[in-house]
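The next block is query-v5.cif, given as mmCIF, C-alpha atoms (C1' of nucleotides).
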data_model
#
loop_
_atom_site.label_atom_id
_atom_site.label_comp_id
_atom_site.auth_asym_id
_atom_site.auth_seq_id
_atom_site.Cartn_x
_atom_site.Cartn_y
_atom_site.Cartn_z
CA MET A 14 -24.48 30.67 -54.77
CA LEU A 15 -23.14 27.40 -56.17
CA LYS A 16 -25.58 24.58 -56.00
CA GLU A 17 -23.31 21.57 -56.02
CA LYS A 18 -21.89 20.28 -52.81
CA ASN A 19 -18.29 19.67 -53.64
CA GLU A 20 -15.40 18.95 -51.35
CA LYS A 21 -15.01 22.62 -50.43
CA TYR A 22 -18.60 22.74 -49.23
CA TYR A 23 -17.91 19.90 -46.86
CA SER A 24 -14.66 21.35 -45.59
CA ILE A 25 -16.53 24.53 -44.69
CA LEU A 26 -19.22 22.52 -42.88
CA ASP A 27 -16.50 20.67 -41.10
CA GLY A 28 -14.60 23.80 -40.14
CA ALA A 29 -17.82 25.34 -38.92
CA GLY A 30 -18.50 22.28 -36.79
CA ALA A 31 -15.12 22.65 -35.14
CA VAL A 32 -15.42 26.38 -34.53
CA PHE A 33 -19.05 26.34 -33.40
CA SER A 34 -18.38 23.56 -30.96
CA ARG A 35 -15.33 25.34 -29.58
CA LEU A 36 -16.74 28.86 -29.25
CA GLY A 37 -20.47 28.61 -29.71
CA PHE A 38 -22.37 30.03 -32.65
CA TYR A 39 -22.40 33.70 -31.71
CA LYS A 40 -18.78 33.94 -30.66
CA SER A 41 -17.63 32.20 -33.84
CA THR A 42 -16.68 34.44 -36.74
CA ILE A 43 -16.81 33.80 -40.44
CA SER A 44 -13.09 34.47 -40.62
CA GLN A 45 -12.38 31.75 -38.08
CA ILE A 46 -14.51 29.26 -39.95
CA ALA A 47 -12.82 30.21 -43.22
CA ALA A 48 -9.39 29.78 -41.67
CA GLU A 49 -10.35 26.42 -40.17
CA ALA A 50 -11.68 25.26 -43.54
CA GLY A 51 -8.68 26.63 -45.42
CA VAL A 52 -10.66 28.97 -47.67
CA ALA A 53 -11.08 32.73 -47.96
CA ASP A 54 -13.90 34.49 -46.15
CA GLY A 55 -15.68 35.31 -49.39
CA THR A 56 -15.68 31.70 -50.50
CA ILE A 57 -18.08 30.80 -47.74
CA TYR A 58 -20.71 32.99 -49.38
CA LEU A 59 -20.44 31.00 -52.59
CA TYR A 60 -21.78 28.00 -50.70
CA PHE A 61 -23.91 29.44 -47.91
CA LYS A 62 -26.47 32.24 -47.79
CA ASN A 63 -25.19 33.59 -44.48
CA LYS A 64 -23.89 32.56 -41.09
CA ASP A 65 -27.23 31.15 -39.92
CA ASP A 66 -27.36 29.04 -43.04
CA ILE A 67 -24.06 27.38 -42.17
CA LEU A 68 -25.44 26.14 -38.88
CA TYR A 69 -28.70 25.15 -40.48
CA GLN A 70 -26.98 23.09 -43.17
CA PHE A 71 -24.64 21.55 -40.62
CA ILE A 72 -27.61 20.32 -38.66
CA ARG A 73 -29.44 19.08 -41.74
CA PHE A 74 -26.43 17.18 -42.89
CA LYS A 75 -25.72 15.55 -39.55
CA THR A 76 -29.31 14.67 -38.76
CA GLY A 77 -29.66 13.10 -42.20
CA ILE A 78 -26.81 10.75 -41.43
CA VAL A 79 -27.75 10.02 -37.83
CA PHE A 80 -31.44 9.36 -38.42
CA GLU A 81 -30.58 7.02 -41.24
CA LYS A 82 -28.46 5.00 -38.84
CA MET A 83 -31.07 5.11 -36.11
CA ARG A 84 -33.71 3.90 -38.51
CA ARG A 85 -31.53 0.96 -39.40
CA ALA A 86 -30.75 0.24 -35.74
CA VAL A 87 -34.45 0.19 -34.87
CA ASN A 88 -35.30 -2.04 -37.81
CA GLU A 89 -32.60 -4.51 -36.90
CA GLY A 90 -33.88 -4.98 -33.38
CA ASP A 91 -36.10 -7.99 -32.89
CA GLY A 92 -38.97 -6.91 -30.67
CA ALA A 93 -39.64 -3.66 -28.83
CA GLU A 94 -37.06 -4.08 -26.14
CA ALA A 95 -34.25 -4.82 -28.60
CA LYS A 96 -35.36 -1.94 -30.81
CA LEU A 97 -35.23 0.49 -27.93
CA ARG A 98 -31.87 -0.79 -26.81
CA ASN A 99 -30.50 -0.45 -30.35
CA LEU A 100 -31.85 3.07 -30.67
CA ILE A 101 -30.29 4.23 -27.42
CA ARG A 102 -27.00 2.54 -28.18
CA CYS A 103 -26.91 4.03 -31.69
CA HIS A 104 -27.71 7.47 -30.33
CA LEU A 105 -24.90 7.31 -27.78
CA ARG A 106 -22.43 5.81 -30.24
CA GLU A 107 -23.01 8.37 -32.98
CA PHE A 108 -22.69 11.27 -30.57
CA GLU A 109 -19.58 9.75 -29.05
CA ASN A 110 -18.00 9.42 -32.49
CA ASP A 111 -18.69 13.00 -33.51
CA ILE A 112 -18.03 15.24 -30.57
CA ASN A 113 -18.46 18.48 -32.49
CA MET A 114 -21.90 17.35 -33.49
CA ALA A 115 -22.66 16.31 -29.94
CA VAL A 116 -21.70 19.69 -28.52
CA ILE A 117 -23.61 21.58 -31.17
CA PHE A 118 -26.73 19.49 -30.77
CA GLN A 119 -26.73 19.71 -27.00
CA THR A 120 -26.14 23.47 -26.88
CA GLU A 121 -26.74 25.46 -30.05
CA VAL A 122 -29.73 23.63 -31.27
CA ARG A 123 -31.90 24.47 -28.33
CA TYR A 124 -30.61 27.98 -28.47
CA ILE A 125 -30.75 29.35 -31.97
CA ARG A 126 -34.29 30.53 -32.51
CA THR A 127 -34.02 30.94 -36.26
CA ILE A 128 -33.75 27.20 -36.57
CA GLN A 129 -36.14 26.28 -33.84
CA SER A 130 -39.08 25.14 -35.90
CA GLU A 131 -36.66 23.00 -37.86
CA MET A 132 -35.49 21.55 -34.58
CA LYS A 133 -38.98 20.68 -33.46
CA ASP A 134 -39.24 18.57 -36.60
CA ILE A 135 -35.99 16.86 -35.74
CA SER A 136 -36.94 15.94 -32.22
CA LYS A 137 -40.32 14.88 -33.59
CA ILE A 138 -38.64 12.26 -35.78
CA TYR A 139 -36.89 10.90 -32.72
CA LEU A 140 -40.05 10.93 -30.66
CA ASP A 141 -41.84 9.09 -33.45
CA PHE A 142 -39.27 6.31 -33.26
CA LEU A 143 -40.10 6.06 -29.59
CA THR A 144 -43.86 6.04 -30.13
CA GLU A 145 -43.49 3.23 -32.62
CA ILE A 146 -41.36 1.19 -30.23
CA LEU A 147 -43.53 1.79 -27.18
CA GLU A 148 -46.74 0.88 -28.98
CA LEU A 149 -45.11 -2.24 -30.30
CA GLY A 150 -43.99 -3.11 -26.78
CA GLN A 151 -47.54 -2.77 -25.53
CA MET A 152 -48.82 -5.01 -28.31
CA GLU A 153 -46.17 -7.57 -27.57
CA GLY A 154 -47.05 -7.39 -23.90
CA CYS A 155 -43.55 -6.61 -22.66
CA MET A 156 -44.43 -3.02 -21.80
CA ARG A 157 -47.10 -1.75 -19.45
CA GLN A 158 -50.50 -0.97 -20.92
CA ASP A 159 -51.11 1.98 -18.64
CA LEU A 160 -48.16 4.06 -19.87
CA PHE A 161 -48.84 7.65 -20.85
CA ILE A 162 -46.80 7.43 -24.03
CA GLY A 163 -46.58 11.20 -24.50
CA LEU A 164 -44.74 11.44 -21.21
CA VAL A 165 -42.67 8.29 -21.55
CA LYS A 166 -41.19 9.55 -24.83
CA ARG A 167 -39.96 12.79 -23.22
CA PHE A 168 -38.75 10.84 -20.26
CA VAL A 169 -36.65 8.51 -22.41
CA LEU A 170 -35.24 11.22 -24.67
CA GLY A 171 -34.61 13.58 -21.74
CA ALA A 172 -32.65 10.98 -19.84
CA VAL A 173 -30.44 10.13 -22.84
CA GLU A 174 -29.76 13.79 -23.45
CA GLY A 175 -28.99 14.27 -19.79
CA VAL A 176 -26.41 11.51 -19.97
CA ILE A 177 -24.87 13.02 -23.10
CA ASN A 178 -24.78 16.49 -21.55
CA THR A 179 -22.94 15.18 -18.56
CA TRP A 180 -20.46 13.43 -20.78
CA VAL A 181 -19.86 16.62 -22.80
CA ALA A 182 -19.51 18.67 -19.62
CA ALA A 183 -16.93 16.14 -18.37
CA ASP A 184 -14.87 16.68 -21.55
CA CYS A 185 -15.91 13.38 -23.05
CA LYS A 186 -13.55 11.49 -20.81
CA TYR A 187 -15.34 8.20 -20.38
CA ASN A 188 -17.01 5.74 -22.69
CA LEU A 189 -20.47 6.93 -23.56
CA GLU A 190 -21.87 3.95 -25.42
CA SER A 191 -21.31 1.79 -22.37
CA MET A 192 -24.08 3.75 -20.65
CA ALA A 193 -26.65 2.23 -23.01
CA ASP A 194 -27.31 -0.99 -21.12
CA PRO A 195 -27.48 0.50 -17.61
CA LEU A 196 -29.78 3.19 -18.97
CA MET A 197 -32.05 0.63 -20.60
CA GLU A 198 -32.15 -1.27 -17.39
CA LEU A 199 -33.35 1.84 -15.57
CA TYR A 200 -36.01 2.58 -18.16
CA LEU A 201 -37.34 -0.93 -17.87
CA ASN A 202 -37.18 -1.62 -14.17
CA GLY A 203 -37.08 1.73 -12.41
CA ILE A 204 -35.31 2.39 -9.16
CA ARG A 205 -37.70 0.87 -6.64
CA LYS A 206 -36.71 -2.18 -4.69
CA ARG A 207 -39.29 -4.97 -4.89
CA MET B 21 -21.06 50.75 -9.62
CA LEU B 22 -23.61 51.05 -6.84
CA LYS B 23 -23.44 48.29 -4.32
CA GLU B 24 -26.92 48.28 -2.91
CA LYS B 25 -29.61 46.29 -4.62
CA ASN B 26 -32.51 48.67 -4.65
CA GLU B 27 -35.75 48.45 -6.53
CA LYS B 28 -34.13 49.68 -9.74
CA TYR B 29 -31.66 46.83 -9.62
CA TYR B 30 -34.50 44.34 -9.49
CA SER B 31 -36.48 45.98 -12.25
CA ILE B 32 -33.44 45.68 -14.49
CA LEU B 33 -33.05 42.01 -13.60
CA ASP B 34 -36.69 41.55 -14.32
CA GLY B 35 -36.55 43.36 -17.64
CA ALA B 36 -33.51 41.35 -18.58
CA GLY B 37 -35.38 38.14 -17.75
CA ALA B 38 -38.19 39.13 -20.07
CA VAL B 39 -35.93 40.19 -22.94
CA PHE B 40 -33.48 37.28 -22.65
CA SER B 41 -36.28 34.78 -22.60
CA ARG B 42 -37.95 36.38 -25.61
CA LEU B 43 -34.90 36.89 -27.82
CA GLY B 44 -32.05 34.92 -26.30
CA PHE B 45 -28.99 36.48 -24.74
CA TYR B 46 -27.07 37.42 -27.86
CA LYS B 47 -29.98 38.91 -29.75
CA SER B 48 -31.01 40.99 -26.74
CA THR B 49 -29.65 44.52 -26.58
CA ILE B 50 -28.93 46.70 -23.61
CA SER B 51 -31.35 49.27 -24.99
CA GLN B 52 -34.16 46.73 -25.04
CA ILE B 53 -33.47 45.69 -21.49
CA ALA B 54 -33.33 49.32 -20.39
CA ALA B 55 -36.63 50.05 -22.13
CA GLU B 56 -38.27 46.99 -20.58
CA ALA B 57 -37.03 48.03 -17.15
CA GLY B 58 -38.02 51.67 -17.65
CA VAL B 59 -34.52 53.10 -17.15
CA ALA B 60 -31.91 54.69 -19.37
CA ASP B 61 -29.22 52.60 -21.01
CA GLY B 62 -26.50 54.15 -18.89
CA THR B 63 -28.32 53.32 -15.67
CA ILE B 64 -27.75 49.65 -16.26
CA TYR B 65 -24.02 50.22 -15.90
CA LEU B 66 -24.52 51.71 -12.47
CA TYR B 67 -25.77 48.32 -11.31
CA PHE B 68 -24.04 45.79 -13.58
CA LYS B 69 -20.49 45.45 -14.85
CA ASN B 70 -21.56 44.50 -18.37
CA LYS B 71 -24.07 42.50 -20.33
CA ASP B 72 -22.66 39.13 -19.22
CA ASP B 73 -22.96 40.26 -15.64
CA ILE B 74 -26.67 40.84 -16.02
CA LEU B 75 -27.25 37.25 -17.03
CA TYR B 76 -24.90 36.01 -14.36
CA GLN B 77 -26.70 37.93 -11.62
CA PHE B 78 -30.07 36.89 -12.95
CA ILE B 79 -29.06 33.28 -12.61
CA ARG B 80 -27.54 33.77 -9.18
CA PHE B 81 -30.66 35.46 -7.93
CA LYS B 82 -33.06 32.88 -9.29
CA THR B 83 -31.05 29.87 -8.21
CA GLY B 84 -30.76 31.31 -4.75
CA ILE B 85 -34.52 31.40 -4.44
CA VAL B 86 -35.22 28.08 -6.11
CA PHE B 87 -32.62 26.04 -4.25
CA GLU B 88 -33.89 27.43 -0.99
CA LYS B 89 -37.36 26.15 -1.83
CA MET B 90 -36.04 22.83 -3.03
CA ARG B 91 -34.06 22.38 0.16
CA ARG B 92 -37.22 22.97 2.16
CA ALA B 93 -39.23 20.60 -0.05
CA VAL B 94 -36.69 17.84 0.42
CA ASN B 95 -36.54 18.36 4.16
CA GLU B 96 -40.29 18.24 4.47
CA GLY B 97 -40.56 14.87 2.76
CA ASP B 98 -40.78 11.93 5.10
CA GLY B 99 -38.56 9.22 3.68
CA ALA B 100 -36.66 8.99 0.40
CA GLU B 101 -39.62 8.49 -1.86
CA ALA B 102 -41.51 11.47 -0.46
CA LYS B 103 -38.37 13.59 -0.60
CA LEU B 104 -37.84 12.77 -4.26
CA ARG B 105 -41.47 13.42 -5.07
CA ASN B 106 -41.33 16.77 -3.30
CA LEU B 107 -38.14 17.75 -5.11
CA ILE B 108 -39.55 16.95 -8.53
CA ARG B 109 -42.83 18.67 -7.77
CA CYS B 110 -41.06 21.74 -6.42
CA HIS B 111 -38.82 21.87 -9.48
CA LEU B 112 -41.74 21.69 -11.88
CA ARG B 113 -43.83 24.15 -9.88
CA GLU B 114 -41.13 26.80 -9.60
CA PHE B 115 -40.34 26.63 -13.30
CA GLU B 116 -44.00 26.74 -14.16
CA ASN B 117 -44.46 29.85 -12.05
CA ASP B 118 -41.56 31.71 -13.60
CA ILE B 119 -41.56 31.09 -17.30
CA ASN B 120 -38.79 33.56 -18.09
CA MET B 121 -36.56 31.75 -15.67
CA ALA B 122 -37.57 28.40 -17.15
CA VAL B 123 -36.71 29.49 -20.68
CA ILE B 124 -33.41 31.02 -19.65
CA PHE B 125 -32.37 28.00 -17.61
CA GLN B 126 -33.28 25.53 -20.31
CA THR B 127 -31.54 27.45 -23.10
CA GLU B 128 -29.03 30.12 -22.13
CA VAL B 129 -27.49 28.40 -19.23
CA ARG B 130 -26.15 25.51 -21.20
CA TYR B 131 -25.05 27.92 -23.86
CA ILE B 132 -23.17 30.80 -22.36
CA ARG B 133 -19.62 29.66 -21.84
CA THR B 134 -18.55 32.56 -19.69
CA ILE B 135 -20.85 31.29 -16.98
CA GLN B 136 -20.34 27.62 -17.54
CA SER B 137 -18.22 26.79 -14.54
CA GLU B 138 -20.78 28.61 -12.43
CA MET B 139 -23.44 26.43 -14.00
CA LYS B 140 -21.61 23.24 -13.23
CA ASP B 141 -21.79 24.27 -9.59
CA ILE B 142 -25.50 24.84 -9.90
CA SER B 143 -26.29 21.48 -11.40
CA LYS B 144 -23.96 19.97 -8.80
CA ILE B 145 -26.18 21.29 -6.01
CA TYR B 146 -29.16 19.65 -7.64
CA LEU B 147 -27.30 16.40 -8.19
CA ASP B 148 -26.24 16.44 -4.56
CA PHE B 149 -29.88 16.59 -3.48
CA LEU B 150 -30.42 13.50 -5.58
CA THR B 151 -27.42 11.67 -4.16
CA GLU B 152 -28.65 12.35 -0.67
CA ILE B 153 -32.13 11.07 -1.49
CA LEU B 154 -30.98 7.99 -3.36
CA GLU B 155 -28.58 6.93 -0.65
CA LEU B 156 -31.28 7.41 1.93
CA GLY B 157 -33.60 5.28 -0.19
CA GLN B 158 -31.05 2.51 -0.26
CA MET B 159 -30.64 2.67 3.48
CA GLU B 160 -34.37 2.58 4.01
CA GLY B 161 -34.59 -0.35 1.64
CA CYS B 162 -37.15 1.21 -0.70
CA MET B 163 -34.61 1.69 -3.49
CA ARG B 164 -32.49 -0.94 -5.19
CA GLN B 165 -29.03 -1.58 -3.78
CA ASP B 166 -27.47 -2.20 -7.18
CA LEU B 167 -28.16 1.28 -8.57
CA PHE B 168 -25.25 3.10 -10.15
CA ILE B 169 -26.05 6.38 -8.44
CA GLY B 170 -23.87 8.48 -10.76
CA LEU B 171 -26.05 7.42 -13.64
CA VAL B 172 -29.38 7.50 -11.84
CA LYS B 173 -28.86 11.14 -10.89
CA ARG B 174 -28.35 12.18 -14.53
CA PHE B 175 -31.24 10.02 -15.52
CA VAL B 176 -33.58 11.69 -13.06
CA LEU B 177 -32.45 15.25 -13.79
CA GLY B 178 -32.36 14.64 -17.55
CA ALA B 179 -35.90 13.36 -17.59
CA VAL B 180 -37.26 16.33 -15.61
CA GLU B 181 -35.46 18.74 -17.88
CA GLY B 182 -36.78 16.91 -20.90
CA VAL B 183 -40.31 17.33 -19.61
CA ILE B 184 -39.72 21.04 -18.95
CA ASN B 185 -38.18 21.55 -22.39
CA THR B 186 -41.18 20.03 -24.04
CA TRP B 187 -43.48 22.21 -22.02
CA VAL B 188 -41.51 25.33 -22.99
CA ALA B 189 -41.46 24.28 -26.65
CA ALA B 190 -45.24 23.83 -26.48
CA ASP B 191 -45.60 27.45 -25.29
CA CYS B 192 -46.35 26.39 -21.72
CA LYS B 193 -49.87 25.42 -22.62
CA TYR B 194 -50.54 22.62 -20.19
CA ASN B 195 -50.09 22.15 -16.48
CA LEU B 196 -46.49 21.25 -15.72
CA GLU B 197 -46.69 20.40 -12.04
CA SER B 198 -49.22 17.70 -12.79
CA MET B 199 -46.45 15.76 -14.51
CA ALA B 200 -44.72 15.20 -11.18
CA ASP B 201 -46.64 12.12 -10.07
CA PRO B 202 -46.61 10.28 -13.40
CA LEU B 203 -42.91 11.04 -13.68
CA MET B 204 -42.23 9.70 -10.19
CA GLU B 205 -44.17 6.60 -11.05
CA LEU B 206 -41.92 6.04 -14.08
CA TYR B 207 -38.75 6.56 -12.08
CA LEU B 208 -39.88 4.06 -9.51
CA ASN B 209 -41.44 1.32 -11.59
CA GLY B 210 -40.04 1.64 -15.11
CA ILE B 211 -41.90 0.76 -18.25
CA ARG B 212 -41.67 -3.02 -18.26
CA LYS B 213 -44.76 -5.11 -17.78
CA ARG B 214 -44.35 -7.69 -15.07
"C1'" DT C 25 -1.31 28.64 -76.74
"C1'" DT C 26 -5.31 31.36 -76.35
"C1'" DT C 27 -9.56 32.64 -74.61
"C1'" DG C 28 -13.72 32.48 -72.16
"C1'" DT C 29 -15.90 30.91 -67.96
"C1'" DA C 30 -16.21 29.48 -63.33
"C1'" DA C 31 -14.29 29.68 -58.79
"C1'" DA C 32 -11.83 31.91 -55.30
"C1'" DT C 33 -9.93 35.80 -53.00
"C1'" DG C 34 -9.56 39.33 -49.28
"C1'" DA C 35 -9.70 44.35 -48.76
"C1'" DA C 36 -13.31 47.61 -48.18
"C1'" DT C 37 -17.93 48.70 -46.65
"C1'" DT C 38 -21.37 49.11 -43.44
"C1'" DA C 39 -24.40 48.33 -39.66
"C1'" DA C 40 -25.05 47.11 -35.14
"C1'" DC C 41 -24.43 47.62 -30.46
"C1'" DA C 42 -21.83 47.58 -25.92
"C1'" DC C 43 -20.15 50.88 -23.22
"C1'" DT C 44 -18.65 55.86 -21.71
"C1'" DC C 45 -19.10 60.30 -19.87
"C1'" DA C 46 -20.47 65.23 -19.91
"C1'" DT C 47 -24.68 66.97 -18.53
"C1'" DT C 48 -29.09 67.07 -16.06
"C1'" DT C 49 -32.18 65.72 -12.42
"C1'" DT C 50 -33.14 64.22 -7.83
"C1'" DT C 51 -32.15 63.74 -3.12
"C1'" DT C 52 -30.25 65.05 1.22
"C1'" DG C 53 -29.41 67.67 5.20
"C1'" DA C 54 -27.97 72.04 7.00
"C1'" DT D 30 -34.33 77.60 0.82
"C1'" DC D 31 -30.16 76.24 -0.98
"C1'" DA D 32 -25.97 73.93 -2.22
"C1'" DA D 33 -23.46 69.74 -2.34
"C1'" DA D 34 -23.67 64.93 -3.35
"C1'" DA D 35 -25.76 61.06 -5.50
"C1'" DA D 36 -28.30 59.06 -9.14
"C1'" DA D 37 -29.87 58.99 -13.70
"C1'" DT D 38 -29.68 60.23 -18.44
"C1'" DG D 39 -28.90 59.38 -23.48
"C1'" DA D 40 -26.14 61.11 -27.28
"C1'" DG D 41 -21.70 59.96 -28.87
"C1'" DT D 42 -17.60 56.76 -29.51
"C1'" DG D 43 -15.14 52.92 -30.90
"C1'" DT D 44 -14.93 48.33 -32.04
"C1'" DT D 45 -16.25 44.24 -34.01
"C1'" DA D 46 -17.63 41.32 -37.57
"C1'" DA D 47 -21.00 39.97 -41.38
"C1'" DT D 48 -21.32 40.66 -46.03
"C1'" DT D 49 -20.02 42.52 -50.71
"C1'" DC D 50 -17.61 42.94 -54.93
"C1'" DA D 51 -13.74 44.33 -57.94
"C1'" DT D 52 -9.96 41.70 -58.97
"C1'" DT D 53 -7.24 37.52 -59.51
"C1'" DT D 54 -6.56 32.68 -60.26
"C1'" DA D 55 -7.69 28.08 -62.06
"C1'" DC D 56 -9.58 25.49 -65.46
"C1'" DA D 57 -11.53 23.74 -69.85
"C1'" DA D 58 -12.27 23.81 -74.51
"C1'" DA D 59 -10.83 25.23 -79.00
#

When written as structure tokens, how does the structure in this file appear?
Amino acid sequence: MLKEKNEKYYSILDGAGAVFSRLGFYKSTISQIAAEAGVADGTIYLYFKNKDDILYQFIRFKTGIVFEKMRRAVNEGDGAEAKLRNLIRCHLREFENDINMAVIFQTEVRYIRTIQSEMKDISKIYLDFLTEILELGQMEGCMRQDLFIGLVKRFVLGAVEGVINTWVAADCKYNLESMADPLMELYLNGIRKR
Amino acid sequence: MLKEKNEKYYSILDGAGAVFSRLGFYKSTISQIAAEAGVADGTIYLYFKNKDDILYQFIRFKTGIVFEKMRRAVNEGDGAEAKLRNLIRCHLREFENDINMAVIFQTEVRYIRTIQSEMKDISKIYLDFLTEILELGQMEGCMRQDLFIGLVKRFVLGAVEGVINTWVAADCKYNLESMADPLMELYLNGIRKR
DNA sequence: TTTGTAAATGAATTAACACTCATTTTTTGA
DNA sequence: TCAAAAAATGAGTGTTAATTCATTTACAAA
């Protein structure tokens, strides 16, 4: 297996992203990915251990990029509320701009058990962003002291993912990033009339 | 194919539930399901068209039961807030009491494309419960008039699913139904300090 | 231009597994 | 008690697709 990640490596990752998102991991074949990437079947095995490894590396690569951007978005926010808003907006924007990634993250990632411990780590990084923001918000006094942070984190992430799932299921027709502000507003104020 | 759903039919469904939830749909084999159900491989084809059909019927069967209970839970609630609380509690309780179903719904259902239009219908039923409750809440005056109901529905369902996913990922260690009240409280009041 | 090395190819191999069907077992009712 | 029908069996079949590897092509240095 070649170690260096040249342009062919990335075109295979890219082809895999397209095929996986179209057909799902198990229905996708190596030949289809090779054709999509414009290489021979055998070439794939110069860059990847096996089919699982393609998905694994796809996810690694994408999460590397996305978490980097999320980190920056959080850092740029001034105060807990702005940080949370930036995180949500960044999340929605990045998924909107890379639909293959969005589909694969919302479907495959939960599904493929061989990469599931890896995935726990990934959602942990996200949940740690949230912990950081929520604790800051409590210190600042803009967020309630009596929050059960363990639950709030799941609540926030679950709702964003729910919104993304709906968007994917609706063939990505509408503007996803524009959901960020209304979503934030719901997180903050809830649905009760006062 | 036999039409009547006798006890063998249900033991196959049950075996399939166990195997699918343990290994995922694609990694599960007919032989494993047959073994789990205590029948021969060929017997499965007396009751089901093919492997896809087993999953499809499993989902049909389970949703039939669960939606029935949810309908009753919603009807029993007095007012929008009680209806919503009952729905969420029922959802969490039913999933907690049938872990195979919970795993399959949280993973396979999003994944298997051959049953995806079917699944849209299923989540539509759920979302319709929510529409009904939210509109009632607005009429009663206990829920904000300016809610974008299309978003709030996804928000509510997404958050419940997020909580269930976490519970599944944590090997169902803690009590799931007990999350219903804290979750309701978050929906209603949000996280902002006032 | 030649030659040695690295990269790429795709036909051939092989294993897995969904599904079939000839045979056996069980049930029914006369 | 028996024979016809229904249900169940599981070994065998055929297909699909991941992976391998002998061969070819591209490239770099001499």

Practice item. Report as a ChimeraX atom specification the residues that result from applying the PyMOL selection byres ((chain C) within 9 of (chain A)) to the structure here. Key: /C:31-34

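For the pair atom CA of A:Glu107 and atom CA of A:Asp194, the interatomic distance is 15.7 Å.
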
Review point. Could you spell out the hits of the PyMOL selection byres ((chain A) within 12 of (chain D)) on the shown file, as a PyMOL selection string?
Key: chain A and resi 39-45+54-59+61-65

Review point. So what does the PyMOL selection byres ((chain A) within 9 of (chain B)) actually pick up in this one, as a PyMOL selection string?
Key: chain A and resi 36-37+39+119-121+123-126+133+150-151+154-158+160-161+164-165+167-176+178-179+182+192+195-196+198-207

Review point. Counting only C-alpha atoms (C1' of nucleotides), what is within 10 Å of A:Ile112, bar same-chain residues fewer than 2 positions away, as a list in words?
Key: Gly30, Ala31, Ser34, Glu107, Phe108, Glu109, Asn110, Met114, Ala115, Val116, Ile117, Phe118, Val181, Asp184 and Cys185 of chain A

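Interatomic distance, atom CA of B:Glu88 against atom CA of B:Lys193: 27.0 Å.
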
Exercise for review: For A:Ile146, work out the shell of residues within 7 Å, counting only C-alpha atoms (C1' of nucleotides) and skipping chain neighbours fewer than 6 positions away, then give it as an MDAnalysis selection string.
Suggested key: chainID A and resid 93 96:97

Point to revise | Selected residue, from A:Tyr139, A:Tyr187, A:Tyr22, A:Trp180, that lies nearest to A:Phe80 when counting only C-alpha atoms | key: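 Nearest to A:Phe80: A:Tyr139.
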